[in-house]
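Chemist: One file is attached below, data.tsv, containing TSV, C-alpha atoms and all ligand atoms.
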chain	number	residue	atom	x	y	z
A	60	MET	CA	0.00	0.00	0.00
A	61	LYS	CA	1.26	3.49	-0.91
A	62	ALA	CA	1.81	6.06	1.83
A	63	TYR	CA	-0.67	8.85	2.59
A	64	ILE	CA	-1.11	11.96	0.47
A	65	ASP	CA	-2.15	15.62	0.91
A	66	LEU	CA	-4.15	17.34	-1.83
A	67	HIS	CA	-4.26	20.87	-0.37
A	68	THR	CA	-1.06	22.82	0.40
A	69	HIS	CA	0.20	26.38	-0.06
A	70	SER	CA	3.70	27.68	-0.86
A	71	THR	CA	5.35	31.10	-1.02
A	72	ALA	CA	3.85	31.45	-4.51
A	73	SER	CA	0.74	32.49	-2.53
A	74	ASP	CA	0.35	32.57	1.23
A	75	GLY	CA	2.35	29.62	2.48
A	76	SER	CA	5.62	30.18	4.33
A	77	MET	CA	7.67	27.47	2.56
A	78	ARG	CA	9.14	27.72	-0.89
A	79	PRO	CA	7.68	25.12	-3.31
A	80	SER	CA	10.87	23.02	-3.08
A	81	GLU	CA	10.86	23.19	0.75
A	82	LEU	CA	7.21	22.17	0.78
A	83	VAL	CA	7.98	19.08	-1.28
A	84	ARG	CA	10.97	18.16	0.90
A	85	HIS	CA	8.83	18.64	4.02
A	86	ALA	CA	6.22	16.26	2.55
A	87	LYS	CA	8.94	13.74	1.78
A	88	GLU	CA	10.32	13.96	5.34
A	89	LYS	CA	6.82	13.37	6.70
A	90	GLY	CA	6.59	10.20	4.63
A	91	LEU	CA	3.90	11.28	2.17
A	92	SER	CA	3.80	9.70	-1.29
A	93	CYS	CA	2.14	12.65	-3.05
A	94	ILE	CA	1.10	16.24	-2.52
A	95	ALA	CA	-0.85	18.67	-4.62
A	96	ILE	CA	0.36	22.26	-4.54
A	97	THR	CA	-2.79	24.43	-4.51
A	98	ASP	CA	-1.81	28.07	-4.22
A	99	HIS	CA	-4.43	30.82	-4.43
A	100	ASP	CA	-4.91	32.09	-8.00
A	101	THR	CA	-1.49	30.98	-9.25
A	102	LEU	CA	0.45	28.03	-10.62
A	103	ASP	CA	3.78	29.86	-10.21
A	104	GLY	CA	5.03	27.34	-7.64
A	105	VAL	CA	4.42	24.30	-9.82
A	106	ASP	CA	7.64	24.16	-11.89
A	107	GLU	CA	9.93	24.39	-8.86
A	108	ALA	CA	7.78	21.86	-6.99
A	109	LEU	CA	7.79	19.41	-9.91
A	110	LYS	CA	11.61	19.54	-10.14
A	111	GLU	CA	12.02	18.90	-6.43
A	112	ALA	CA	9.39	16.14	-6.52
A	113	SER	CA	11.22	14.22	-9.21
A	114	ALA	CA	14.48	14.65	-7.31
A	115	SER	CA	12.91	13.51	-4.01
A	116	GLY	CA	10.93	10.67	-5.53
A	117	ILE	CA	7.45	11.81	-4.56
A	118	GLU	CA	4.50	12.65	-6.76
A	119	LEU	CA	3.38	16.25	-7.34
A	120	ILE	CA	-0.03	17.24	-8.64
A	121	PRO	CA	-0.34	20.76	-10.10
A	122	GLY	CA	-3.32	22.50	-8.57
A	123	VAL	CA	-4.88	25.83	-7.73
A	124	GLU	CA	-7.44	27.22	-5.26
A	125	ILE	CA	-9.84	29.96	-6.31
A	126	GLY	CA	-12.38	31.90	-4.29
A	127	VAL	CA	-15.85	32.13	-5.86
A	128	ASP	CA	-18.78	34.36	-5.08
A	129	PHE	CA	-20.73	32.86	-2.19
A	130	LYS	CA	-21.49	33.94	1.36
A	131	PRO	CA	-19.50	33.74	3.55
A	132	GLU	CA	-16.81	32.18	1.30
A	133	MET	CA	-16.48	29.31	-1.15
A	134	HIS	CA	-13.20	27.97	-2.49
A	135	ILE	CA	-12.85	25.63	-5.47
A	136	LEU	CA	-9.73	23.51	-5.96
A	137	GLY	CA	-8.65	22.63	-9.49
A	138	TYR	CA	-6.34	19.68	-10.16
A	139	PHE	CA	-4.43	19.24	-13.40
A	140	SER	CA	-2.15	16.74	-15.08
A	141	THR	CA	1.53	17.65	-15.34
A	142	SER	CA	1.07	18.13	-19.10
A	143	ASN	CA	-2.00	20.40	-19.23
A	144	TYR	CA	-1.85	22.72	-16.23
A	145	THR	CA	-0.90	25.86	-18.17
A	146	ARG	CA	-4.29	26.18	-19.90
A	147	ILE	CA	-5.89	27.85	-16.84
A	148	ILE	CA	-3.21	30.58	-16.55
A	149	PRO	CA	-5.12	33.41	-18.36
A	150	VAL	CA	-8.06	32.96	-15.99
A	151	LEU	CA	-5.74	33.15	-12.99
A	152	SER	CA	-4.15	36.38	-14.23
A	153	ARG	CA	-7.60	37.99	-14.27
A	154	LEU	CA	-8.33	36.79	-10.75
A	155	ARG	CA	-5.04	38.22	-9.45
A	156	MET	CA	-5.94	41.65	-10.85
A	157	LEU	CA	-9.17	41.62	-8.86
A	158	ARG	CA	-7.27	40.54	-5.73
A	159	GLU	CA	-4.83	43.44	-6.10
A	160	GLN	CA	-7.72	45.90	-5.83
A	161	ARG	CA	-8.68	44.55	-2.42
A	162	ASN	CA	-5.48	44.51	-0.34
A	163	PRO	CA	-4.96	48.31	-0.11
A	164	LYS	CA	-8.58	48.70	1.07
A	165	ILE	CA	-7.91	46.33	3.96
A	166	VAL	CA	-4.68	48.09	4.88
A	167	ASP	CA	-6.34	51.54	4.73
A	168	LYS	CA	-9.12	50.34	7.00
A	169	LEU	CA	-6.62	48.90	9.50
A	170	ASN	CA	-4.79	52.26	9.47
A	171	GLU	CA	-8.08	54.01	10.23
A	172	MET	CA	-8.51	51.63	13.14
A	173	GLY	CA	-5.13	52.76	14.49
A	174	PHE	CA	-2.83	49.95	13.33
A	175	LYS	CA	0.35	51.22	11.78
A	176	ILE	CA	0.92	48.81	8.92
A	177	SER	CA	1.65	49.55	5.27
A	178	MET	CA	1.34	47.65	1.99
A	179	GLU	CA	5.15	47.43	2.07
A	180	ASP	CA	5.00	45.58	5.41
A	181	VAL	CA	2.48	43.19	3.89
A	182	ARG	CA	4.37	42.73	0.63
A	183	ALA	CA	7.52	41.93	2.62
A	184	LYS	CA	5.72	38.85	3.97
A	185	ALA	CA	4.91	37.57	0.47
A	186	GLY	CA	7.31	35.56	-1.66
A	187	GLY	CA	5.39	35.72	-4.93
A	188	LYS	CA	2.80	37.68	-6.86
A	189	VAL	CA	-0.19	36.66	-4.83
A	190	ILE	CA	-0.78	38.72	-1.70
A	191	GLY	CA	-3.58	37.74	0.62
A	192	ARG	CA	-5.04	38.15	4.05
A	193	PRO	CA	-2.62	35.71	5.73
A	194	HIS	CA	0.22	38.12	4.82
A	195	ILE	CA	-1.71	40.95	6.43
A	196	ALA	CA	-2.35	38.76	9.48
A	197	LYS	CA	1.36	38.00	9.70
A	198	ALA	CA	2.23	41.72	9.48
A	199	LEU	CA	-0.21	42.45	12.33
A	200	LEU	CA	1.33	39.62	14.33
A	201	GLU	CA	4.89	40.85	13.88
A	202	LYS	CA	3.91	44.36	14.91
A	203	GLY	CA	2.46	42.90	18.11
A	204	TYR	CA	-1.16	43.85	17.39
A	205	VAL	CA	-2.32	40.22	17.73
A	206	LYS	CA	-0.91	37.10	19.37
A	207	THR	CA	-1.73	34.68	16.53
A	208	THR	CA	-2.70	35.00	12.86
A	209	GLN	CA	-5.96	33.28	13.82
A	210	GLU	CA	-6.72	36.17	16.20
A	211	ALA	CA	-6.16	38.64	13.32
A	212	PHE	CA	-8.82	36.81	11.30
A	213	GLU	CA	-11.26	36.46	14.18
A	214	LYS	CA	-11.07	40.14	15.13
A	215	TYR	CA	-10.46	41.94	11.82
A	216	LEU	CA	-9.98	40.01	8.59
A	217	ALA	CA	-12.61	37.27	8.35
A	218	CYS	CA	-15.83	37.80	6.39
A	219	GLY	CA	-18.10	40.10	8.43
A	220	LYS	CA	-15.26	41.60	10.53
A	221	PRO	CA	-14.39	45.32	10.37
A	222	ALA	CA	-11.45	45.12	7.94
A	223	TYR	CA	-13.06	42.60	5.58
A	224	PHE	CA	-13.56	43.59	1.96
A	225	ARG	CA	-14.88	41.23	-0.66
A	226	LYS	CA	-13.16	40.98	-4.00
A	227	ASP	CA	-14.85	40.57	-7.36
A	228	MET	CA	-15.00	36.88	-8.09
A	229	LEU	CA	-16.31	34.31	-10.53
A	230	SER	CA	-19.62	32.70	-9.60
A	231	PRO	CA	-19.41	29.08	-8.38
A	232	GLU	CA	-20.73	27.96	-11.79
A	233	GLU	CA	-18.11	30.03	-13.67
A	234	GLY	CA	-15.29	28.84	-11.41
A	235	ILE	CA	-16.17	25.18	-11.88
A	236	LYS	CA	-16.60	25.58	-15.64
A	237	GLU	CA	-13.34	27.50	-16.14
A	238	ILE	CA	-11.42	24.69	-14.40
A	239	LYS	CA	-13.18	22.03	-16.48
A	240	ASN	CA	-12.68	23.97	-19.73
A	241	ALA	CA	-8.96	24.09	-18.99
A	242	GLY	CA	-8.88	20.31	-18.60
A	243	GLY	CA	-8.84	20.33	-14.79
A	244	VAL	CA	-10.84	18.51	-12.13
A	245	PRO	CA	-12.92	20.86	-9.92
A	246	VAL	CA	-13.33	19.96	-6.24
A	247	LEU	CA	-15.14	21.87	-3.49
A	248	ALA	CA	-12.56	22.94	-0.87
A	249	HIS	CA	-13.31	22.56	2.88
A	250	PRO	CA	-17.08	21.96	2.60
A	251	VAL	CA	-17.14	21.80	6.41
A	252	HIS	CA	-16.83	25.61	6.41
A	253	LEU	CA	-20.12	25.82	4.47
A	254	MET	CA	-22.06	23.19	6.38
A	255	LYS	CA	-24.92	24.73	8.35
A	256	THR	CA	-27.30	21.79	8.16
A	257	ILE	CA	-27.04	18.51	6.29
A	258	LYS	CA	-30.10	19.52	4.27
A	259	ASP	CA	-28.46	22.80	3.11
A	260	MET	CA	-25.22	21.00	2.29
A	261	ASP	CA	-27.13	18.40	0.31
A	262	ALA	CA	-28.95	21.08	-1.73
A	263	LEU	CA	-25.74	23.00	-2.38
A	264	LEU	CA	-23.95	19.86	-3.58
A	265	ALA	CA	-26.85	19.02	-5.90
A	266	GLU	CA	-26.51	22.50	-7.43
A	267	LEU	CA	-22.71	22.27	-7.80
A	268	LYS	CA	-23.01	18.80	-9.32
A	269	GLY	CA	-25.16	20.40	-12.02
A	270	TYR	CA	-22.29	22.77	-12.87
A	271	GLY	CA	-19.83	19.90	-13.25
A	272	LEU	CA	-18.18	19.61	-9.83
A	273	SER	CA	-16.22	16.33	-9.60
A	274	GLY	CA	-15.30	16.03	-5.94
A	275	ILE	CA	-15.57	17.36	-2.40
A	276	GLU	CA	-12.82	17.71	0.20
A	277	ALA	CA	-14.44	15.23	2.58
A	278	HIS	CA	-11.27	14.87	4.70
A	279	TYR	CA	-10.08	18.23	6.05
A	280	THR	CA	-8.14	19.68	8.96
A	281	ASP	CA	-11.16	21.41	10.55
A	282	ASN	CA	-13.54	18.42	10.33
A	283	THR	CA	-14.82	16.43	13.26
A	284	SER	CA	-15.14	12.71	12.48
A	285	HIS	CA	-18.90	13.31	12.45
A	286	ASP	CA	-18.48	15.96	9.70
A	287	THR	CA	-16.33	13.58	7.68
A	288	GLY	CA	-18.98	10.85	7.99
A	289	ILE	CA	-21.68	13.19	6.67
A	290	LEU	CA	-19.49	14.37	3.79
A	291	LEU	CA	-18.50	10.81	2.82
A	292	ARG	CA	-22.18	9.84	2.63
A	293	LEU	CA	-22.98	12.89	0.50
A	294	ALA	CA	-20.02	12.09	-1.78
A	295	ILE	CA	-21.51	8.65	-2.40
A	296	LYS	CA	-24.98	10.09	-2.98
A	297	TYR	CA	-23.76	12.52	-5.67
A	298	ASP	CA	-20.97	10.35	-7.06
A	299	PHE	CA	-18.27	12.82	-6.04
A	300	ILE	CA	-14.66	11.82	-5.40
A	301	ALA	CA	-14.07	12.21	-1.65
A	302	THR	CA	-10.74	14.02	-1.62
A	303	GLY	CA	-8.75	15.37	1.31
A	304	GLY	CA	-6.13	17.87	2.33
A	305	SER	CA	-4.60	19.71	5.27
A	306	ASP	CA	-4.56	23.28	3.84
A	307	PHE	CA	-0.98	23.52	5.09
A	308	HIS	CA	0.36	27.12	5.06
A	309	GLY	CA	3.51	26.63	7.17
A	310	SER	CA	3.83	29.42	9.75
A	311	PHE	CA	0.99	31.44	8.20
A	312	LYS	CA	-1.55	29.12	9.84
A	313	GLU	CA	-0.55	27.82	13.24
A	314	ASN	CA	-0.71	24.19	14.38
A	315	ILE	CA	-1.43	22.58	11.02
A	316	ASP	CA	1.09	20.17	9.51
A	317	ILE	CA	1.28	18.70	6.06
A	318	GLY	CA	-0.56	15.40	5.62
A	319	VAL	CA	-1.93	15.23	9.15
A	320	GLY	CA	-3.58	18.64	9.73
A	321	ARG	CA	-4.01	18.99	13.49
A	322	GLY	CA	-2.88	15.41	14.00
A	323	ASN	CA	-5.36	12.84	12.79
A	324	LEU	CA	-5.86	13.48	9.09
A	325	LYS	CA	-5.13	10.50	6.80
A	326	ILE	CA	-5.75	10.59	3.07
A	327	GLU	CA	-5.37	7.36	1.16
A	328	TYR	CA	-3.47	7.13	-2.11
A	329	GLY	CA	-6.57	5.60	-3.73
A	330	VAL	CA	-8.19	9.05	-3.77
A	331	LEU	CA	-5.53	10.20	-6.18
A	332	GLU	CA	-6.16	7.25	-8.47
A	333	GLU	CA	-9.84	8.30	-8.69
A	334	LEU	CA	-8.81	11.88	-9.48
A	335	LYS	CA	-6.35	10.86	-12.16
A	336	LYS	CA	-9.06	8.99	-14.06
A	337	LEU	CA	-10.59	12.41	-14.79
A	338	PHE	CA	-7.45	14.15	-16.11
B	401	LIG	P1	-7.46	35.54	0.68
B	401	LIG	O1	-7.12	34.65	-0.47
B	401	LIG	O2	-6.64	36.76	0.74
B	401	LIG	O3	-8.94	35.82	0.75
B	401	LIG	O4	-7.09	34.68	1.97
B	401	LIG	C1	-7.56	33.37	2.04
B	401	LIG	C2	-6.80	32.61	3.08
B	401	LIG	O5	-7.01	33.23	4.34
B	401	LIG	C3	-7.28	31.18	3.26
B	401	LIG	O6	-6.51	30.27	2.53
B	401	LIG	C4	-7.04	30.91	4.71
B	401	LIG	O7	-5.74	30.41	4.89
B	401	LIG	C5	-7.08	32.24	5.36
B	401	LIG	N1	-8.33	32.42	6.10
B	401	LIG	C6	-9.53	32.79	5.62
B	401	LIG	N2	-10.45	32.88	6.62
B	401	LIG	C7	-9.80	32.54	7.74
B	401	LIG	C8	-10.18	32.44	9.12
B	401	LIG	N3	-11.44	32.72	9.53
B	401	LIG	N4	-9.23	32.06	10.01
B	401	LIG	C9	-7.97	31.79	9.62
B	401	LIG	N5	-7.54	31.86	8.35
B	401	LIG	C10	-8.44	32.24	7.42
B	402	ZN	ZN	-4.14	30.30	1.76
B	403	FE	FE	-9.43	27.79	1.17
B	404	FE	FE	-6.19	26.68	1.00
As structure tokens, what does this structure read like?
Ligand code: AMP
Ligand code: ZN
Ligand code: FE
Ligand code: FE
Modeler:
Amino acid sequence: MKAYIDLHTHSTASDGSMRPSELVRHAKEKGLSCIAITDHDTLDGVDEALKEASASGIELIPGVEIGVDFKPEMHILGYFSTSNYTRIIPVLSRLRMLREQRNPKIVDKLNEMGFKISMEDVRAKAGGKVIGRPHIAKALLEKGYVKTTQEAFEKYLACGKPAYFRKDMLSPEEGIKEIKNAGGVPVLAHPVHLMKTIKDMDALLAELKGYGLSGIEAHYTDNTSHDTGILLRLAIKYDFIATGGSDFHGSFKENIDIGVGRGNLKIEYGVLEELKKLF
């Protein structure tokens, strides 16, 4: 039997703290057989990660995570084969432009609230082109305004908090279809964050199935085992692949490690075999 995998990780190409090559080496050290690199709105980390993966002897799946228009938030993961992942790039460039309009608004609002942070402070936390709220959280942390990045989200940055601004986004239908049109496999990220009742979740999944969604992230860092049970049953009902990932961000999200999340995540290699059938 192959070792466990992790289909949701972030590198310095977006808001992770490890370079793509470090991320792959970290996965190797933790004994994983495969990771997907799923940065926000960019595939810039993929080439470096692929090189390191072939050197380290683990498998690397090119992926991306995009936010789509839904309250409070919905993220769609797209997985690609190593030969076709560049087809989605023009869509991602558009999404990054929309993201760039949001960050200064957040920083201005924080300044109004009395926090002395600048876009330069935030940019200094980012390794690549994609700047996001975790970089802002990290800047607030380093200036001593919060004790953890989680606290920065809970008090200021999360949807509904005083320094939250939405960005223009694709609709869920558009997001799913853009990934499919580019030859990718669309999967709903962390459905547990959207689960109010089982009935609502069921209706939402029926709708997303209609747009072409292929899988749901049934195994996730923030799930209870009860949540996972519900999501696995819904995956069977709608014939979705039940994928899984930790959403590892290195030091930008405390207490989450690659492969295992907060300790008990386990994603079987068989999930990847299901995914690959759709490439
Ligand atoms: P952005 O792409 O700038 O909207 O930031 C999205 C990232 O922020 C996600 O990948 C999460 O890592 C992080 N994030 C969003 N909401 C929260 C939250 N409530 N608590 C902690 N991290 C969050
Ligand atoms: Zn992130
Ligand atoms: Fe996400
Ligand atoms: Fe993520």
Chemist: Kindly work out which residues sit at most 10 Å from ligand FE 403 (chain B), using all atoms listed in the file, and give the list as a VMD selection string.
Modeler: chain A and resid 67 to 69 97 to 99 124 to 126 132 to 136 247 to 250 252 306
Chemist: Give the residues close to ligand LIG 401 (chain B), within 9 Å, counting only C-alpha atoms and all ligand atoms; write them as a PyMOL selection string.
Modeler: chain A and resi 69+73-75+98-100+124-126+132+134+158+161-162+189-196+208-213+216-218+225-226+306-308+311-312
Chemist: Using C-alpha atoms, can you export the residues from the last selection as a PDB file, in the coordinates of the input?
Modeler:
ATOM      1  CA  HIS A  69       0.200  26.380  -0.060  1.00  0.00           C
ATOM      2  CA  SER A  73       0.740  32.490  -2.530  1.00  0.00           C
ATOM      3  CA  ASP A  74       0.350  32.570   1.230  1.00  0.00           C
ATOM      4  CA  GLY A  75       2.350  29.620   2.480  1.00  0.00           C
ATOM      5  CA  ASP A  98      -1.810  28.070  -4.220  1.00  0.00           C
ATOM      6  CA  HIS A  99      -4.430  30.820  -4.430  1.00  0.00           C
ATOM      7  CA  ASP A 100      -4.910  32.090  -8.000  1.00  0.00           C
ATOM      8  CA  GLU A 124      -7.440  27.220  -5.260  1.00  0.00           C
ATOM      9  CA  ILE A 125      -9.840  29.960  -6.310  1.00  0.00           C
ATOM     10  CA  GLY A 126     -12.380  31.900  -4.290  1.00  0.00           C
ATOM     11  CA  GLU A 132     -16.810  32.180   1.300  1.00  0.00           C
ATOM     12  CA  HIS A 134     -13.200  27.970  -2.490  1.00  0.00           C
ATOM     13  CA  ARG A 158      -7.270  40.540  -5.730  1.00  0.00           C
ATOM     14  CA  ARG A 161      -8.680  44.550  -2.420  1.00  0.00           C
ATOM     15  CA  ASN A 162      -5.480  44.510  -0.340  1.00  0.00           C
ATOM     16  CA  VAL A 189      -0.190  36.660  -4.830  1.00  0.00           C
ATOM     17  CA  ILE A 190      -0.780  38.720  -1.700  1.00  0.00           C
ATOM     18  CA  GLY A 191      -3.580  37.740   0.620  1.00  0.00           C
ATOM     19  CA  ARG A 192      -5.040  38.150   4.050  1.00  0.00           C
ATOM     20  CA  PRO A 193      -2.620  35.710   5.730  1.00  0.00           C
ATOM     21  CA  HIS A 194       0.220  38.120   4.820  1.00  0.00           C
ATOM     22  CA  ILE A 195      -1.710  40.950   6.430  1.00  0.00           C
ATOM     23  CA  ALA A 196      -2.350  38.760   9.480  1.00  0.00           C
ATOM     24  CA  THR A 208      -2.700  35.000  12.860  1.00  0.00           C
ATOM     25  CA  GLN A 209      -5.960  33.280  13.820  1.00  0.00           C
ATOM     26  CA  GLU A 210      -6.720  36.170  16.200  1.00  0.00           C
ATOM     27  CA  ALA A 211      -6.160  38.640  13.320  1.00  0.00           C
ATOM     28  CA  PHE A 212      -8.820  36.810  11.300  1.00  0.00           C
ATOM     29  CA  GLU A 213     -11.260  36.460  14.180  1.00  0.00           C
ATOM     30  CA  LEU A 216      -9.980  40.010   8.590  1.00  0.00           C
ATOM     31  CA  ALA A 217     -12.610  37.270   8.350  1.00  0.00           C
ATOM     32  CA  CYS A 218     -15.830  37.800   6.390  1.00  0.00           C
ATOM     33  CA  ARG A 225     -14.880  41.230  -0.660  1.00  0.00           C
ATOM     34  CA  LYS A 226     -13.160  40.980  -4.000  1.00  0.00           C
ATOM     35  CA  ASP A 306      -4.560  23.280   3.840  1.00  0.00           C
ATOM     36  CA  PHE A 307      -0.980  23.520   5.090  1.00  0.00           C
ATOM     37  CA  HIS A 308       0.360  27.120   5.060  1.00  0.00           C
ATOM     38  CA  PHE A 311       0.990  31.440   8.200  1.00  0.00           C
ATOM     39  CA  LYS A 312      -1.550  29.120   9.840  1.00  0.00           C
TER      40      LYS A 312
END
Chemist: When distances are computed from only C-alpha atoms, which of A:Glu313, A:Glu159, A:Glu201, A:Glu118 shows the smallest separation from Leu66 (chain A)?
Modeler: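 The closest residue to Leu66 (chain A) is A:Glu118.
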Chemist: Hey, what's within 12 Å of Ser152 (chain A) if we count all atoms listed in the file and toss same-chain stuff fewer than 2 positions away? As a ChimeraX atom specification, please?
Modeler: /A:99-103,125,145-150,154-159,188-189
Chemist: Can you write out the residues you just picked, keeping C-alpha atoms, as an mmCIF file, in the coordinates of the input?
Modeler:
data_model
loop_
_atom_site.group_PDB
_atom_site.id
_atom_site.type_symbol
_atom_site.label_atom_id
_atom_site.label_comp_id
_atom_site.auth_asym_id
_atom_site.auth_seq_id
_atom_site.Cartn_x
_atom_site.Cartn_y
_atom_site.Cartn_z
ATOM 1 C CA HIS A 99 -4.430 30.820 -4.430
ATOM 2 C CA ASP A 100 -4.910 32.090 -8.000
ATOM 3 C CA THR A 101 -1.490 30.980 -9.250
ATOM 4 C CA LEU A 102 0.450 28.030 -10.620
ATOM 5 C CA ASP A 103 3.780 29.860 -10.210
ATOM 6 C CA ILE A 125 -9.840 29.960 -6.310
ATOM 7 C CA THR A 145 -0.900 25.860 -18.170
ATOM 8 C CA ARG A 146 -4.290 26.180 -19.900
ATOM 9 C CA ILE A 147 -5.890 27.850 -16.840
ATOM 10 C CA ILE A 148 -3.210 30.580 -16.550
ATOM 11 C CA PRO A 149 -5.120 33.410 -18.360
ATOM 12 C CA VAL A 150 -8.060 32.960 -15.990
ATOM 13 C CA LEU A 154 -8.330 36.790 -10.750
ATOM 14 C CA ARG A 155 -5.040 38.220 -9.450
ATOM 15 C CA MET A 156 -5.940 41.650 -10.850
ATOM 16 C CA LEU A 157 -9.170 41.620 -8.860
ATOM 17 C CA ARG A 158 -7.270 40.540 -5.730
ATOM 18 C CA GLU A 159 -4.830 43.440 -6.100
ATOM 19 C CA LYS A 188 2.800 37.680 -6.860
ATOM 20 C CA VAL A 189 -0.190 36.660 -4.830
#
Chemist: Any idea what the distance is between CA of Ile165 (chain A) and CA of Ser305 (chain A)?
Modeler: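 Taking CA of Ile165 (chain A) as the start and CA of Ser305 (chain A) as the end point, the length is 26.9 Å.
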Chemist: Counting all atoms listed in the file, figure out which residue out of A:Leu291, A:Leu229, A:Ala62, A:Ala72 gets nearest to ligand ZN 402 (chain B).
Modeler: A:Ala72
Chemist: Pick the closest to Met77 (chain A) from A:Ile96, A:Pro221, A:Leu272, A:Met172: which is it, counting only C-alpha atoms?
Modeler: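 The shortest atom-to-atom distance to Met77 (chain A) comes from A:Ile96.
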Chemist: To one decimal place in Å, what is the distance between CA of Glu332 (chain A) and CA of Leu264 (chain A)?
Modeler: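 Atom-to-atom, CA of Glu332 (chain A) to CA of Leu264 (chain A), that is 22.3 Å.
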Chemist: Taking only C-alpha atoms into account, which of A:Ile326, A:His85, A:Val244, A:Ile238 comes nearest Ile120 (chain A)?
Modeler: A:Val244
Chemist: Using all atoms listed in the file, find the one residue out of A:Asp65, A:Phe299, A:Val127, A:Tyr279 that sits nearest to Ala265 (chain A).
Modeler: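 The shortest atom-to-atom distance to Ala265 (chain A) comes from A:Phe299.
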Chemist: Between A:Gly243, A:Arg84, A:Ala301, A:Leu200, which one has atoms that come closest to Ser140 (chain A), using only C-alpha atoms?
Modeler: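 Ranking A:Gly243, A:Arg84, A:Ala301, A:Leu200 by distance to Ser140 (chain A), first place goes to A:Gly243.
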Chemist: Need to verify the contact set: Glu232 (chain A), 8 Å, all atoms listed in the file, exclusion of same-chain residues closer than 4 positions in sequence. Can you return it as an NGL selection string?
Modeler: :A and (236 or 267 or 270)
Chemist: Would you kindly return, as number ranges by chain, each protein, DNA or RNA residue with an atom no farther than 8 Å from any atom of Lys325 (chain A), considering all atoms listed in the file and excluding same-chain residues fewer than 6 positions away?
Modeler: A: 63-64, 278, 318-319
Chemist: Can you list, as number ranges by chain, every protein, DNA or RNA residue that comes within 9 Å of Ala183 (chain A) when you count all atoms listed in the file, leaving out same-chain residues fewer than 4 positions away?
Modeler: A: 178-179, 194, 198
Chemist: How many Å separate CA of Leu119 (chain A) from CA of Val83 (chain A)?
Modeler: 8.1 Å
Chemist: Around region 206-212 of chain A, with edges along x, y and z and 5 Å added on all six sides, what centre and edge lengths do you get, in Å to one decimal, as lines of an AutoDock Vina configuration file?
Modeler:
center_x = -4.9
center_y = 36.0
center_z = 15.3
size_x = 17.9
size_y = 15.4
size_z = 18.1
Chemist: Can you pull out every residue within 12 Å of Ile295 (chain A), counting only C-alpha atoms, but drop anything in the same chain fewer than 3 positions away, and send it as a VMD selection string?
Modeler: chain A and resid 261 264 273 to 275 277 288 to 292 298 to 301
Chemist: Would you save region 268-277 of chain A from the block above with N, CA, C and O atoms, as a short mmCIF file (atom, residue, chain, number, x, y, z; two decimals), in the first residue's frame?
Modeler:
data_model
loop_
_atom_site.label_atom_id
_atom_site.label_comp_id
_atom_site.auth_asym_id
_atom_site.auth_seq_id
_atom_site.Cartn_x
_atom_site.Cartn_y
_atom_site.Cartn_z
N LYS A 268 -23.11 19.97 -8.43
CA LYS A 268 -23.01 18.80 -9.32
C LYS A 268 -23.51 19.18 -10.72
O LYS A 268 -22.92 18.81 -11.73
N GLY A 269 -24.59 19.94 -10.75
CA GLY A 269 -25.16 20.40 -12.02
C GLY A 269 -24.20 21.25 -12.83
O GLY A 269 -24.28 21.30 -14.06
N TYR A 270 -23.28 21.94 -12.16
CA TYR A 270 -22.29 22.77 -12.87
C TYR A 270 -21.07 21.96 -13.31
O TYR A 270 -20.20 22.48 -14.00
N GLY A 271 -20.96 20.73 -12.83
CA GLY A 271 -19.83 19.90 -13.25
C GLY A 271 -18.81 19.61 -12.17
O GLY A 271 -17.71 19.11 -12.47
N LEU A 272 -19.13 19.92 -10.91
CA LEU A 272 -18.18 19.61 -9.83
C LEU A 272 -17.89 18.10 -9.79
O LEU A 272 -18.80 17.29 -9.96
N SER A 273 -16.61 17.75 -9.57
CA SER A 273 -16.22 16.33 -9.60
C SER A 273 -15.95 15.74 -8.22
O SER A 273 -15.93 14.52 -8.07
N GLY A 274 -15.65 16.59 -7.24
CA GLY A 274 -15.30 16.03 -5.94
C GLY A 274 -15.53 17.01 -4.81
O GLY A 274 -15.75 18.21 -5.04
N ILE A 275 -15.50 16.50 -3.59
CA ILE A 275 -15.57 17.36 -2.40
C ILE A 275 -14.45 16.96 -1.44
O ILE A 275 -14.10 15.78 -1.34
N GLU A 276 -13.92 17.96 -0.73
CA GLU A 276 -12.82 17.71 0.20
C GLU A 276 -13.41 17.16 1.51
O GLU A 276 -13.57 17.88 2.49
N ALA A 277 -13.73 15.87 1.46
CA ALA A 277 -14.44 15.23 2.58
C ALA A 277 -13.54 15.07 3.81
O ALA A 277 -14.03 14.98 4.93
#
